[in-house]
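Below is one structure; the comments refer to it alone.
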Amino acid sequence: MECGSGSSSFGTMALMSGKGMVLPPKKVPSRVSFNVKSESFKIGLGFLQSLQSNNKLKVPLKSSLKLHRSHALVIRGEHPQNSDLPRYYSRKEKKPFPIPVVELRRAARERVKNNKGKPRRPIPPPKNGMLVKSFIPIAYDVFNARMTLINNIKKLSRVVSVHACIWCNEIHVGPVGHPFRSCRGQNANIRKSLHEWTNATVEDVFLPIEAYHLYDRLGKRMPHEQRFSVPRIPAVVELCIQAGVDLPEFPTKRRRKPIIRTGKSEFIDADESDLPDPVPEAPKKPILTEIPDFDIVGPSNEEETTLLAEETLEAWEKMRKGAQKLMKLYHVRVCGYCPEVHVGPSGHKAQNCGAHKHQQRNGQHGWQAAVLDDLIPPRYVWHVPDVNGPPLQRELRSFYGQAPAVVEMCVQAGAAVPDQYKATMRLDVGIPSDLKEAEMVV
């Protein structure tokens, strides 16, 4: 070889007489020398050092002649380069538990084992009926972020087109509706699953998930007979009220002393007669209100549109992160068969579940712990790579990404794409210009 030379020596193989044993050859360490100054070695080393990716990559570089220590190139990224959307569960499937039941039982056994023989600890808030003081500002921030988000979506809808299908619940953000045959509404087979688009509303972009308002979150579970007398409000608003937001139109019970447990699921309120009469306090933070539709004024120029989009995206992230913190202490339940959400320690008893095989459960809900997407659904839509370019093509569907409707509206209005949504939007995937070029993709 021109690039190097090698020398090696091997032992001889002997056959033992009468035994039929073959001895392996003696191995002597071989030595191979390479010309480190060659151009190919330098090019390969430079390529490995310049390799960049969002995933973790570890490439060891070793040399037996002059490089006595190994060098490693490690590249880390918080978010994956590409990822699929969360799995879609049909109406016949039950949602999985956020934490498997086996893990919950194992943690309960460990908790009982560790607390055996120890004195009972006092119940911490909010389980004792008191508020968590440090979470009250977070509750006000989430409530105001939700109002800001709704008002900004109304303003952005004046400059960003949002379409909704007449027959199903699918929406699309862009100048024209997408051409994909994904409609599952009425008479879909006659229309060959094509959508019929119309103008969308705020409720189409930001889904109004509602829940029953509880006057006492530690009280008895709401029976089936009271399902029409108890008011229903947005679930995020109910979570903020239970966390400390005071709204005059939705009164709630505020205890000033912890409850007294008399059993596993029974308690009595402490005597508050020795305390002075409560003085009505002013709101801890100013509360925003929703702007009526006839008072909405859209942005007048491109700069205002970009600033409005950035503010909307910031309110979206603030609301989701704040709600995630509140859900760690204030329990939120969701039905495993339908989208019904209940904010409270345990679900209600209303028999209004109409999901698959609800007759076997007598219409009762299968309550389990909720995740953030159950409380605030992201509502994924197709991402339009170029708003001013050609529309989406049906044959190139596998090359397009998706993003939450609020994020897609803000991106089309000029806001920067957040890092956590780049993976599902497939921004680094090259889109072929036509079907012939797409068939050449391996």
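Ligands are numbered from 1 in the order shown, residues from 1 within each chain, and chains are lettered A, B, ... in the order they appear in the structure tokens.
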
Quick one: pick out all strand (DSSP E) residues within region 175-298 of chain A from a backbone DSSP run and write them as an mmCIF file with N, CA and C atoms, in the first residue's frame.
```
data_model
loop_
_atom_site.group_PDB
_atom_site.id
_atom_site.type_symbol
_atom_site.label_atom_id
_atom_site.label_comp_id
_atom_site.auth_asym_id
_atom_site.auth_seq_id
_atom_site.Cartn_x
_atom_site.Cartn_y
_atom_site.Cartn_z
ATOM 1 N N TRP A 197 -64.518 24.461 3.326
ATOM 2 C CA TRP A 197 -63.949 25.423 4.270
ATOM 3 C C TRP A 197 -64.828 26.647 4.428
ATOM 4 N N THR A 198 -64.807 27.188 5.642
ATOM 5 C CA THR A 198 -65.452 28.456 5.967
ATOM 6 C C THR A 198 -64.573 29.192 6.967
ATOM 7 N N ASN A 199 -64.966 30.398 7.334
ATOM 8 C CA ASN A 199 -64.162 31.178 8.278
ATOM 9 C C ASN A 199 -64.265 30.583 9.684
ATOM 10 N N GLU A 210 -64.607 22.967 29.096
ATOM 11 C CA GLU A 210 -65.365 23.435 30.247
ATOM 12 C C GLU A 210 -65.385 22.387 31.360
ATOM 13 N N ALA A 211 -65.644 22.873 32.571
ATOM 14 C CA ALA A 211 -65.741 22.013 33.750
ATOM 15 C C ALA A 211 -66.765 22.613 34.699
ATOM 16 N N TYR A 212 -67.260 21.802 35.623
ATOM 17 C CA TYR A 212 -68.224 22.272 36.620
ATOM 18 C C TYR A 212 -67.505 23.142 37.650
ATOM 19 N N ARG A 232 -71.196 25.696 34.503
ATOM 20 C CA ARG A 232 -69.989 25.208 33.832
ATOM 21 C C ARG A 232 -69.203 26.409 33.302
ATOM 22 N N ILE A 233 -67.922 26.425 33.587
ATOM 23 C CA ILE A 233 -67.033 27.510 33.164
ATOM 24 C C ILE A 233 -65.801 26.878 32.527
ATOM 25 N N PRO A 234 -64.962 27.657 31.835
ATOM 26 C CA PRO A 234 -63.726 27.096 31.281
ATOM 27 C C PRO A 234 -62.865 26.433 32.357
ATOM 28 N N ILE A 260 -60.246 19.500 59.853
ATOM 29 C CA ILE A 260 -59.933 18.474 60.844
ATOM 30 C C ILE A 260 -60.421 17.139 60.295
ATOM 31 N N ARG A 261 -59.499 16.231 60.058
ATOM 32 C CA ARG A 261 -59.841 14.928 59.510
ATOM 33 C C ARG A 261 -60.427 14.043 60.611
ATOM 34 N N PHE A 267 -64.215 14.754 57.055
ATOM 35 C CA PHE A 267 -63.568 15.857 57.756
ATOM 36 C C PHE A 267 -64.648 16.818 58.233
ATOM 37 N N ILE A 268 -64.241 17.694 59.141
ATOM 38 C CA ILE A 268 -65.102 18.776 59.606
ATOM 39 C C ILE A 268 -64.296 20.075 59.544
#
```

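Every protein, DNA or RNA residue with an atom at most 10 Å from Tyr400 (chain A), where only C-alpha atoms count and chain neighbours fewer than 5 positions away do not, is listed here: Trp382, His383, Val384, Pro385, Leu392, Gln393, Thr424, Met425, Arg426, Leu427, Val429, Gly430 and Ile431 of chain A.
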
Go ahead and write the residues just picked, N, CA and C atoms, as a CSV table (one decimal), in the first residue's frame.
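Output contents, as saved in again_29.csv:
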```csv
chain,number,residue,atom,x,y,z
A,382,TRP,N,-51.7,21.8,9.9
A,382,TRP,CA,-50.6,21.7,9.0
A,382,TRP,C,-49.8,23.0,8.9
A,383,HIS,N,-48.5,22.8,8.9
A,383,HIS,CA,-47.6,24.0,8.8
A,383,HIS,C,-47.4,24.4,7.3
A,384,VAL,N,-47.6,25.6,7.0
A,384,VAL,CA,-47.4,26.1,5.6
A,384,VAL,C,-46.0,26.7,5.5
A,385,PRO,N,-45.1,26.1,4.7
A,385,PRO,CA,-43.7,26.6,4.7
A,385,PRO,C,-43.6,28.0,4.2
A,392,LEU,N,-50.3,24.0,-0.4
A,392,LEU,CA,-49.9,22.6,-0.1
A,392,LEU,C,-50.4,21.7,-1.2
A,393,GLN,N,-49.6,20.7,-1.5
A,393,GLN,CA,-50.0,19.7,-2.5
A,393,GLN,C,-50.3,18.4,-1.9
A,424,THR,N,-41.8,19.0,15.3
A,424,THR,CA,-43.0,18.6,14.6
A,424,THR,C,-43.3,19.4,13.4
A,425,MET,N,-42.7,20.6,13.2
A,425,MET,CA,-42.9,21.4,12.0
A,425,MET,C,-42.0,21.0,10.9
A,426,ARG,N,-41.0,20.2,11.1
A,426,ARG,CA,-40.1,19.7,10.1
A,426,ARG,C,-39.5,20.8,9.2
A,427,LEU,N,-38.9,21.8,9.9
A,427,LEU,CA,-38.4,22.9,9.2
A,427,LEU,C,-37.2,22.6,8.4
A,429,VAL,N,-36.7,19.8,6.7
A,429,VAL,CA,-37.0,18.8,5.7
A,429,VAL,C,-37.2,19.5,4.4
A,430,GLY,N,-36.4,19.1,3.3
A,430,GLY,CA,-36.6,19.7,2.0
A,430,GLY,C,-37.9,19.2,1.3
A,431,ILE,N,-38.6,20.1,0.8
A,431,ILE,CA,-39.9,19.8,0.2
A,431,ILE,C,-39.7,19.7,-1.3
```

Margin query: Would you pick out the contacts of Arg227 (chain A) at 7 Å or less, using only C-alpha atoms, so that residues sharing its chain but fewer than 3 positions from it are not included, and give the list as JSON, numbers by chain?
Written below: {"A": [224, 230, 350]}

Next item on the list: List every residue of region 302-387 of chain A that DSSP, applied to the backbone of this structure, assigns to helix (DSSP H, G or I), and report them as a PyMOL selection string.
Entry: chain A and resi 302-326+372-375

Can you check which parts of region 277-391 of chain A lie within 9 Å of region 147-156 of chain A? Per residue, the shortest pair of atoms and distance in Å to one decimal, counting only C-alpha atoms, sorted by chain and number, as a tab-separated table.
```
residue	atom	partner	partner_atom	distance
A:Ile287	CA	A:Met147	CA	9.0
A:Leu288	CA	A:Met147	CA	6.3
A:Thr289	CA	A:Met147	CA	6.3
A:Glu290	CA	A:Met147	CA	5.9
A:Ile291	CA	A:Asn151	CA	6.2
A:Pro292	CA	A:Asn151	CA	8.7
A:Asp293	CA	A:Lys154	CA	7.6
A:Ile296	CA	A:Lys155	CA	6.2
A:Val297	CA	A:Lys155	CA	6.3
A:Gly298	CA	A:Lys155	CA	4.7
A:Pro299	CA	A:Lys155	CA	7.1
A:Thr305	CA	A:Leu156	CA	7.5
A:Leu308	CA	A:Asn152	CA	7.0
A:Ala309	CA	A:Leu156	CA	7.4
A:Glu311	CA	A:Asn152	CA	8.1
A:Thr312	CA	A:Leu149	CA	5.6
A:Leu313	CA	A:Leu149	CA	8.2
A:Glu314	CA	A:Leu149	CA	8.9
A:Ala315	CA	A:Leu149	CA	5.8
A:Trp316	CA	A:Leu149	CA	6.4
A:Met319	CA	A:Leu149	CA	8.7
```

What's the 12 Å shell around region 100-104 of chain A, counting only C-alpha atoms, without same-chain residues fewer than 5 positions away, as a PDB file with all heavy atoms, in the first residue's frame?
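Saved to out04.pdb:
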```pdb
ATOM      1  N   LYS A  95     -57.662   6.220  27.031  1.00  0.00           N
ATOM      2  CA  LYS A  95     -56.417   6.955  27.187  1.00  0.00           C
ATOM      3  C   LYS A  95     -55.505   6.234  28.181  1.00  0.00           C
ATOM      4  O   LYS A  95     -55.973   5.685  29.181  1.00  0.00           O
ATOM      5  CB  LYS A  95     -56.693   8.374  27.691  1.00  0.00           C
ATOM      6  CG  LYS A  95     -57.624   9.182  26.808  1.00  0.00           C
ATOM      7  CD  LYS A  95     -58.000  10.487  27.478  1.00  0.00           C
ATOM      8  CE  LYS A  95     -59.066  11.215  26.684  1.00  0.00           C
ATOM      9  NZ  LYS A  95     -59.536  12.437  27.389  1.00  0.00           N
ATOM     10  N   ARG A 109     -46.922   1.449  48.224  1.00  0.00           N
ATOM     11  CA  ARG A 109     -46.344   0.497  49.176  1.00  0.00           C
ATOM     12  C   ARG A 109     -45.081   1.058  49.829  1.00  0.00           C
ATOM     13  O   ARG A 109     -44.853   0.891  51.041  1.00  0.00           O
ATOM     14  CB  ARG A 109     -46.045  -0.828  48.480  1.00  0.00           C
ATOM     15  CG  ARG A 109     -47.281  -1.637  48.101  1.00  0.00           C
ATOM     16  CD  ARG A 109     -46.920  -3.046  47.723  1.00  0.00           C
ATOM     17  NE  ARG A 109     -46.081  -3.095  46.537  1.00  0.00           N
ATOM     18  CZ  ARG A 109     -46.524  -3.249  45.290  1.00  0.00           C
ATOM     19  NH1 ARG A 109     -47.834  -3.350  45.074  1.00  0.00           N
ATOM     20  NH2 ARG A 109     -45.702  -3.292  44.274  1.00  0.00           N
ATOM     21  N   GLU A 110     -44.251   1.705  49.047  1.00  0.00           N
ATOM     22  CA  GLU A 110     -43.051   2.312  49.610  1.00  0.00           C
ATOM     23  C   GLU A 110     -43.390   3.428  50.589  1.00  0.00           C
ATOM     24  O   GLU A 110     -42.746   3.576  51.633  1.00  0.00           O
ATOM     25  CB  GLU A 110     -42.176   2.849  48.469  1.00  0.00           C
ATOM     26  CG  GLU A 110     -41.526   1.783  47.608  1.00  0.00           C
ATOM     27  CD  GLU A 110     -40.475   0.998  48.374  1.00  0.00           C
ATOM     28  OE1 GLU A 110     -39.893   1.557  49.326  1.00  0.00           O
ATOM     29  OE2 GLU A 110     -40.232  -0.171  48.019  1.00  0.00           O
ATOM     30  N   ARG A 111     -44.428   4.200  50.272  1.00  0.00           N
ATOM     31  CA  ARG A 111     -44.828   5.287  51.151  1.00  0.00           C
ATOM     32  C   ARG A 111     -45.367   4.748  52.482  1.00  0.00           C
ATOM     33  O   ARG A 111     -45.047   5.288  53.559  1.00  0.00           O
ATOM     34  CB  ARG A 111     -45.871   6.153  50.450  1.00  0.00           C
ATOM     35  CG  ARG A 111     -46.240   7.411  51.204  1.00  0.00           C
ATOM     36  CD  ARG A 111     -46.999   8.373  50.321  1.00  0.00           C
ATOM     37  NE  ARG A 111     -48.178   7.784  49.726  1.00  0.00           N
ATOM     38  CZ  ARG A 111     -48.288   7.463  48.434  1.00  0.00           C
ATOM     39  NH1 ARG A 111     -47.271   7.678  47.616  1.00  0.00           N
ATOM     40  NH2 ARG A 111     -49.403   6.936  47.953  1.00  0.00           N
ATOM     41  N   GLN A 368     -59.309   9.659  35.649  1.00  0.00           N
ATOM     42  CA  GLN A 368     -57.886   9.431  35.840  1.00  0.00           C
ATOM     43  C   GLN A 368     -57.176  10.780  35.847  1.00  0.00           C
ATOM     44  O   GLN A 368     -57.771  11.813  35.536  1.00  0.00           O
ATOM     45  CB  GLN A 368     -57.322   8.540  34.724  1.00  0.00           C
ATOM     46  CG  GLN A 368     -57.410   9.161  33.341  1.00  0.00           C
ATOM     47  CD  GLN A 368     -56.995   8.198  32.242  1.00  0.00           C
ATOM     48  OE1 GLN A 368     -57.371   7.031  32.264  1.00  0.00           O
ATOM     49  NE2 GLN A 368     -56.220   8.692  31.286  1.00  0.00           N
ATOM     50  N   ALA A 369     -55.912  10.766  36.231  1.00  0.00           N
ATOM     51  CA  ALA A 369     -55.151  12.020  36.291  1.00  0.00           C
ATOM     52  C   ALA A 369     -55.001  12.606  34.894  1.00  0.00           C
ATOM     53  O   ALA A 369     -54.736  11.895  33.925  1.00  0.00           O
ATOM     54  CB  ALA A 369     -53.781  11.765  36.916  1.00  0.00           C
TER      55      ALA A 369
END
```

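When only C-alpha atoms are used to measure the gap to Ala355 (chain A), the shortest distance among A:Asn82, A:Ser90, A:Asn189, A:Gln226 belongs to A:Ser90.
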
Tyr380 (chain A) surroundings by only C-alpha atoms, 10 Å radius, close-in-sequence under 3 positions cut, as an mmCIF file with C-alpha atoms, in the first residue's frame:
```cif
data_model
loop_
_atom_site.group_PDB
_atom_site.id
_atom_site.type_symbol
_atom_site.label_atom_id
_atom_site.label_comp_id
_atom_site.auth_asym_id
_atom_site.auth_seq_id
_atom_site.Cartn_x
_atom_site.Cartn_y
_atom_site.Cartn_z
ATOM 1 C CA LEU A 85 -47.086 14.100 16.704
ATOM 2 C CA PRO A 86 -48.682 12.682 19.855
ATOM 3 C CA GLU A 170 -60.570 20.248 11.421
ATOM 4 C CA ILE A 171 -59.133 23.727 10.834
ATOM 5 C CA HIS A 172 -56.354 25.126 8.672
ATOM 6 C CA VAL A 205 -58.430 27.868 17.377
ATOM 7 C CA PRO A 377 -55.492 21.011 23.833
ATOM 8 C CA HIS A 383 -47.618 24.000 8.772
ATOM 9 C CA GLY A 401 -45.075 19.234 9.389
ATOM 10 C CA GLN A 402 -47.671 20.306 11.919
ATOM 11 C CA ALA A 403 -47.863 22.772 14.791
ATOM 12 C CA PRO A 404 -50.493 24.017 17.284
ATOM 13 C CA ALA A 405 -52.958 26.401 15.670
ATOM 14 C CA VAL A 406 -51.938 29.306 17.925
ATOM 15 C CA VAL A 407 -48.254 28.784 17.125
ATOM 16 C CA GLU A 408 -48.940 28.509 13.388
ATOM 17 C CA THR A 424 -42.967 18.579 14.597
#
```

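Checking A:Cys183, A:Ile138, A:Cys168, A:Leu207 one by one against Ile241 (chain A), counting only C-alpha atoms, you find the shortest gap at A:Ile138.
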
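Atom pair CA of Lys220 (chain A) / CA of Gly129 (chain A) has a distance of 13.5 Å (rounded to one decimal).
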
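Between Val334 (chain A) and the candidates A:Glu196, A:Asp373, A:Glu303, A:Glu439, the tightest atom-to-atom separation, counting only C-alpha atoms, involves A:Asp373.
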
Notebook entry, point to check: Which of these, A:Ile259, A:Val176, A:Ala139, A:Ile99, has the shortest distance to Ile123 (chain A) once you count only C-alpha atoms?
Noted result: A:Ile259

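Closest approach to Asn128 (chain A) among A:Asp386, A:Asp269, A:Asp274, A:Glu304: A:Asp269, based on only C-alpha atoms.
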
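In this model, the gap between CA of Val279 (chain A) and CA of Pro231 (chain A) comes to 26.8 Å.
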
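Distances here use only C-alpha atoms; by that measure, the residue among A:Arg361, A:Arg397, A:Arg87, A:Lys116 closest to Pro179 (chain A) is A:Arg397.
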